[in-house]
Amino acid sequence: MRFRCLILDHDDTAVDSTREIHYPAHLEVMQRLRPEWEPISLEEWYRKNFDPGIMGYLVDELALTPEELETEFAIWRNYTSTRIPHFYPGFLELLSEFRARGGRIAVVSHSEREIIERDYLTRSAQGPPKAGSGSSNPLPELIFGWDHDESRRKPSPWPVEQILRTFGVGAEETLIVDDLKPAVLMGRASGVRVAAAGWSHDIPEIHEYMERNCFTFLYAVDELRSLLMA
C-alpha cells in the first residue's frame, strides 16, 4: 500500500454529523436563545465552521453571554450524546480493508473521545465485515479527541507525533484525512501529508482552500480507496 498509517478526522470526514447532529442542535439553540433571529442555513453553518470557527461565530456574531454559552453547550451535548451519526457509505468497509492489509488507523478530532468510540462501536456492530471478505475490524487503534490542553489538540502536531511513535511509522508513510483547515496546519507542523475529504458538502471557498493547501483533494470515499490501495 502507498501508506501504512491513516490519521482520520471524525466529523464530516468519517460521519455525516454536521447535517445529522450539529446543525439541528444549533437550530434548537437559536430557537431558545435567539428566537427573534432567522437561523443561518446549513450551507452557511459549514462556512461559519470554516471561518471564523464555531466559537468565533457564537461569541462575536451571536454575542452569546457566558451563561448562554453554557446553555448552548448543554443543548449540543444532549444532541451528541443521544444521536448517532451515520458513516459515509463505504467508509467503514474501506477501513476494514485497510486494516486487513496491515494498515494502522488513528483518529484526531475535536469531538470527544467517548463519542467517537461510541459511533464506531455502534455502526460497526450494525454492519460487521462479511465472513470471507478479507476484511477486519475497522475500529481505530488510537483516538485523540478534544483535549482541554490546547497544546495537545489540532492544529498542534502533538497527537500526530504520538501516533507515529506508537505505531513505529514515518511521516512519509502516513496520511491525514480531514475536511478543515486545522488539519492542514497540523500536517505542516508534523510533516505528514493531508488529503482533503471533500464529500460532506460543496462549499466553494472551503474546497478552494483545501485544494490549494492539501496533498490531494478527494471528492468521494472511493477516491480515498483508490489512493490507499494503489
# chains A, B, ... in the order shown; residues from 1 in each chain; ligands from 1
$ residues_around --residues "region 173-190 of chain A" --least-positions-apart "3" --cutoff "7 Å" --atoms "only C-alpha atoms" --output "PDB file with N, CA and C atoms, in the first residue's frame"
ATOM      1  N   PHE A   3       0.382   3.950   1.744  1.00  0.00           N
ATOM      2  CA  PHE A   3       0.526   4.465   3.104  1.00  0.00           C
ATOM      3  C   PHE A   3       0.289   3.330   4.100  1.00  0.00           C
ATOM      4  N   ARG A   4       1.037   3.352   5.195  1.00  0.00           N
ATOM      5  CA  ARG A   4       0.880   2.349   6.242  1.00  0.00           C
ATOM      6  C   ARG A   4      -0.026   2.814   7.366  1.00  0.00           C
ATOM      7  N   CYS A   5      -0.233   4.136   7.461  1.00  0.00           N
ATOM      8  CA  CYS A   5      -0.972   4.687   8.592  1.00  0.00           C
ATOM      9  C   CYS A   5      -1.950   5.750   8.112  1.00  0.00           C
ATOM     10  N   LEU A   6      -3.177   5.675   8.614  1.00  0.00           N
ATOM     11  CA  LEU A   6      -4.207   6.670   8.346  1.00  0.00           C
ATOM     12  C   LEU A   6      -4.525   7.421   9.635  1.00  0.00           C
ATOM     13  N   ILE A   7      -4.513   8.752   9.566  1.00  0.00           N
ATOM     14  CA  ILE A   7      -4.951   9.584  10.688  1.00  0.00           C
ATOM     15  C   ILE A   7      -6.211  10.304  10.231  1.00  0.00           C
ATOM     16  N   LEU A   8      -7.333   9.949  10.835  1.00  0.00           N
ATOM     17  CA  LEU A   8      -8.632  10.406  10.365  1.00  0.00           C
ATOM     18  C   LEU A   8      -9.246  11.461  11.280  1.00  0.00           C
ATOM     19  N   ASP A   9      -9.871  12.431  10.668  1.00  0.00           N
ATOM     20  CA  ASP A   9     -10.798  13.301  11.367  1.00  0.00           C
ATOM     21  C   ASP A   9     -12.086  12.494  11.585  1.00  0.00           C
ATOM     22  N   ASP A  12     -17.709  15.029   9.664  1.00  0.00           N
ATOM     23  CA  ASP A  12     -17.735  15.421   8.253  1.00  0.00           C
ATOM     24  C   ASP A  12     -16.583  14.846   7.442  1.00  0.00           C
ATOM     25  N   THR A  13     -15.855  13.911   8.033  1.00  0.00           N
ATOM     26  CA  THR A  13     -14.862  13.126   7.308  1.00  0.00           C
ATOM     27  C   THR A  13     -15.260  11.652   7.354  1.00  0.00           C
ATOM     28  N   PHE A  50     -15.902  26.836   9.150  1.00  0.00           N
ATOM     29  CA  PHE A  50     -14.606  27.026   8.500  1.00  0.00           C
ATOM     30  C   PHE A  50     -13.969  28.350   8.916  1.00  0.00           C
ATOM     31  N   LYS A 154      -5.564  19.383  17.772  1.00  0.00           N
ATOM     32  CA  LYS A 154      -5.393  20.056  16.484  1.00  0.00           C
ATOM     33  C   LYS A 154      -5.560  21.557  16.664  1.00  0.00           C
ATOM     34  N   PRO A 155      -4.703  22.339  15.981  1.00  0.00           N
ATOM     35  CA  PRO A 155      -3.708  22.003  14.957  1.00  0.00           C
ATOM     36  C   PRO A 155      -2.311  21.677  15.488  1.00  0.00           C
ATOM     37  N   SER A 156      -2.180  21.460  16.786  1.00  0.00           N
ATOM     38  CA  SER A 156      -0.881  21.062  17.329  1.00  0.00           C
ATOM     39  C   SER A 156      -0.425  19.744  16.708  1.00  0.00           C
ATOM     40  N   PRO A 157       0.881  19.585  16.458  1.00  0.00           N
ATOM     41  CA  PRO A 157       1.386  18.314  15.934  1.00  0.00           C
ATOM     42  C   PRO A 157       1.485  17.228  16.989  1.00  0.00           C
ATOM     43  N   VAL A 160      -0.196  13.777  16.380  1.00  0.00           N
ATOM     44  CA  VAL A 160       0.439  13.075  15.263  1.00  0.00           C
ATOM     45  C   VAL A 160       1.764  12.472  15.710  1.00  0.00           C
ATOM     46  N   VAL A 169       5.868   4.274  12.643  1.00  0.00           N
ATOM     47  CA  VAL A 169       5.827   4.615  11.219  1.00  0.00           C
ATOM     48  C   VAL A 169       6.412   6.006  11.010  1.00  0.00           C
ATOM     49  N   GLY A 170       6.834   6.278   9.785  1.00  0.00           N
ATOM     50  CA  GLY A 170       7.382   7.579   9.451  1.00  0.00           C
ATOM     51  C   GLY A 170       6.311   8.502   8.896  1.00  0.00           C
ATOM     52  N   ARG A 193       1.477  14.409   5.071  1.00  0.00           N
ATOM     53  CA  ARG A 193       0.603  14.897   4.008  1.00  0.00           C
ATOM     54  C   ARG A 193      -0.864  14.808   4.404  1.00  0.00           C
ATOM     55  N   VAL A 194      -1.650  15.740   3.853  1.00  0.00           N
ATOM     56  CA  VAL A 194      -3.074  15.816   4.157  1.00  0.00           C
ATOM     57  C   VAL A 194      -3.879  15.630   2.878  1.00  0.00           C
ATOM     58  N   ALA A 195      -4.839  14.713   2.926  1.00  0.00           N
ATOM     59  CA  ALA A 195      -5.804  14.549   1.850  1.00  0.00           C
ATOM     60  C   ALA A 195      -7.120  15.170   2.295  1.00  0.00           C
ATOM     61  N   ALA A 196      -7.665  16.048   1.478  1.00  0.00           N
ATOM     62  CA  ALA A 196      -8.906  16.723   1.839  1.00  0.00           C
ATOM     63  C   ALA A 196     -10.100  15.810   1.598  1.00  0.00           C
ATOM     64  N   ALA A 197     -10.936  15.673   2.620  1.00  0.00           N
ATOM     65  CA  ALA A 197     -12.182  14.909   2.492  1.00  0.00           C
ATOM     66  C   ALA A 197     -13.252  15.860   1.973  1.00  0.00           C
ATOM     67  N   GLY A 198     -13.553  15.762   0.681  1.00  0.00           N
ATOM     68  CA  GLY A 198     -14.465  16.719   0.067  1.00  0.00           C
ATOM     69  C   GLY A 198     -15.850  16.197  -0.186  1.00  0.00           C
ATOM     70  N   ASN A 213      -4.189  23.793  -0.492  1.00  0.00           N
ATOM     71  CA  ASN A 213      -3.240  23.552   0.599  1.00  0.00           C
ATOM     72  C   ASN A 213      -3.028  22.089   0.966  1.00  0.00           C
ATOM     73  N   CYS A 214      -3.733  21.180   0.311  1.00  0.00           N
ATOM     74  CA  CYS A 214      -3.589  19.760   0.633  1.00  0.00           C
ATOM     75  C   CYS A 214      -2.796  19.017  -0.433  1.00  0.00           C
TER      76      CYS A 214
END
$ residues_around --residues "Pro204 (chain A)" --least-positions-apart "5" --cutoff "12 Å" --atoms "only C-alpha atoms" --output "number ranges by chain"
A: 43-44, 46-47, 50, 198, 209-211
$ write_last_selection --atoms "N, CA and C atoms" --output "PDB file, in the first residue's frame"
ATOM      1  N   GLU A  43     -25.705  25.405   4.716  1.00  0.00           N
ATOM      2  CA  GLU A  43     -24.511  25.775   3.955  1.00  0.00           C
ATOM      3  C   GLU A  43     -23.724  26.880   4.663  1.00  0.00           C
ATOM      4  N   GLU A  44     -24.445  27.857   5.215  1.00  0.00           N
ATOM      5  CA  GLU A  44     -23.764  28.941   5.919  1.00  0.00           C
ATOM      6  C   GLU A  44     -23.153  28.428   7.226  1.00  0.00           C
ATOM      7  N   TYR A  46     -21.763  25.508   7.603  1.00  0.00           N
ATOM      8  CA  TYR A  46     -20.473  24.964   7.191  1.00  0.00           C
ATOM      9  C   TYR A  46     -19.439  26.083   7.038  1.00  0.00           C
ATOM     10  N   ARG A  47     -19.869  27.188   6.449  1.00  0.00           N
ATOM     11  CA  ARG A  47     -18.946  28.314   6.254  1.00  0.00           C
ATOM     12  C   ARG A  47     -18.472  28.888   7.584  1.00  0.00           C
ATOM     13  N   PHE A  50     -15.902  26.836   9.150  1.00  0.00           N
ATOM     14  CA  PHE A  50     -14.606  27.026   8.500  1.00  0.00           C
ATOM     15  C   PHE A  50     -13.969  28.350   8.916  1.00  0.00           C
ATOM     16  N   GLY A 198     -13.553  15.762   0.681  1.00  0.00           N
ATOM     17  CA  GLY A 198     -14.465  16.719   0.067  1.00  0.00           C
ATOM     18  C   GLY A 198     -15.850  16.197  -0.186  1.00  0.00           C
ATOM     19  N   TYR A 209      -9.793  26.381  -0.609  1.00  0.00           N
ATOM     20  CA  TYR A 209      -8.689  26.403   0.358  1.00  0.00           C
ATOM     21  C   TYR A 209      -8.049  25.024   0.478  1.00  0.00           C
ATOM     22  N   MET A 210      -8.875  23.993   0.610  1.00  0.00           N
ATOM     23  CA  MET A 210      -8.341  22.651   0.794  1.00  0.00           C
ATOM     24  C   MET A 210      -7.630  22.149  -0.462  1.00  0.00           C
ATOM     25  N   GLU A 211      -8.146  22.459  -1.621  1.00  0.00           N
ATOM     26  CA  GLU A 211      -7.473  22.053  -2.863  1.00  0.00           C
ATOM     27  C   GLU A 211      -6.108  22.719  -2.975  1.00  0.00           C
TER      28      GLU A 211
END
$ atom_distance --atom1 "CA of Arg225 (chain A)" --atom2 "CA of Val107 (chain A)"
17.4 Å
$ closest_residue --among "A:Pro138, A:Pro52, A:Pro24, A:Gly191" --to "Glu97 (chain A)" --atoms "only C-alpha atoms"
A:Pro138
$ residues_around --residues "Glu68 (chain A)" --least-positions-apart "6" --cutoff "10 Å" --atoms "only C-alpha atoms" --output "PyMOL selection string"
chain A and resi 29+32-33+58-59+74
$ write_last_selection --atoms "C-alpha atoms" --output "CSV table (one decimal), in the first residue's frame"
chain,number,residue,atom,x,y,z
A,29,VAL,CA,-30.1,26.9,20.3
A,32,ARG,CA,-34.2,29.0,22.7
A,33,LEU,CA,-31.6,31.8,22.8
A,58,LEU,CA,-21.2,32.2,18.7
A,59,VAL,CA,-19.3,34.8,20.7
A,74,ALA,CA,-25.8,21.7,27.2
$ closest_residue --among "A:Phe144, A:Leu224, A:Phe91, A:Thr166" --to "Ile115 (chain A)" --atoms "only C-alpha atoms"
A:Phe144
$ residues_around --residues "Pro85 (chain A)" --least-positions-apart "5" --cutoff "7 Å" --atoms "only C-alpha atoms" --output "ChimeraX atom specification"
/A:15-17,20
$ residues_around --residues "Asp147 (chain A)" --least-positions-apart "4" --cutoff "10 Å" --atoms "only C-alpha atoms" --output "PyMOL selection string"
chain A and resi 109-113+151-154
$ select_by_dssp --residues "region 52-208 of chain A" --states "alpha helix (DSSP H)" --output "PyMOL selection string"
chain A and resi 54-56+66-82+91-100+113-126+158-167+181-190+204-208
$ closest_residue --among "A:Ile163, A:Ile203, A:Leu227, A:Leu27" --to "Phe98 (chain A)" --atoms "only C-alpha atoms"
A:Leu227
$ atom_distance --atom1 "CA of Ala25 (chain A)" --atom2 "CA of Arg77 (chain A)"
8.9 Å
$ select_by_dssp --residues "region 6-167 of chain A" --states "strand (DSSP E or B)" --output "list in words"
Leu6, Ile7, Leu8, Asp11, Val15, Phe87, Arg104, Ile105, Ala106, Val107, Val108, Leu142, Ile143 and Phe144 of chain A
$ write_last_selection --atoms "C-alpha atoms" --output "mmCIF file, in the first residue's frame"
data_model
loop_
_atom_site.group_PDB
_atom_site.id
_atom_site.type_symbol
_atom_site.label_atom_id
_atom_site.label_comp_id
_atom_site.auth_asym_id
_atom_site.auth_seq_id
_atom_site.Cartn_x
_atom_site.Cartn_y
_atom_site.Cartn_z
ATOM 1 C CA LEU A 6 -4.207 6.670 8.346
ATOM 2 C CA ILE A 7 -4.951 9.584 10.688
ATOM 3 C CA LEU A 8 -8.632 10.406 10.365
ATOM 4 C CA ASP A 11 -16.971 14.930 11.961
ATOM 5 C CA VAL A 15 -19.527 10.599 9.818
ATOM 6 C CA PHE A 87 -20.736 6.910 8.485
ATOM 7 C CA ARG A 104 -2.806 1.250 11.111
ATOM 8 C CA ILE A 105 -5.674 3.626 11.907
ATOM 9 C CA ALA A 106 -5.897 6.531 14.353
ATOM 10 C CA VAL A 107 -8.306 9.419 14.858
ATOM 11 C CA VAL A 108 -7.502 13.037 15.696
ATOM 12 C CA LEU A 142 -5.761 5.217 18.811
ATOM 13 C CA ILE A 143 -8.191 8.102 19.338
ATOM 14 C CA PHE A 144 -7.172 11.635 20.263
#
$ atom_distance --atom1 "CA of Leu42 (chain A)" --atom2 "CA of Ser81 (chain A)"
21.0 Å
$ residues_around --residues "His86 (chain A)" --least-positions-apart "6" --cutoff "12 Å" --atoms "only C-alpha atoms" --output "PyMOL selection string"
chain A and resi 10-21+92+116+118-124+126-127+200
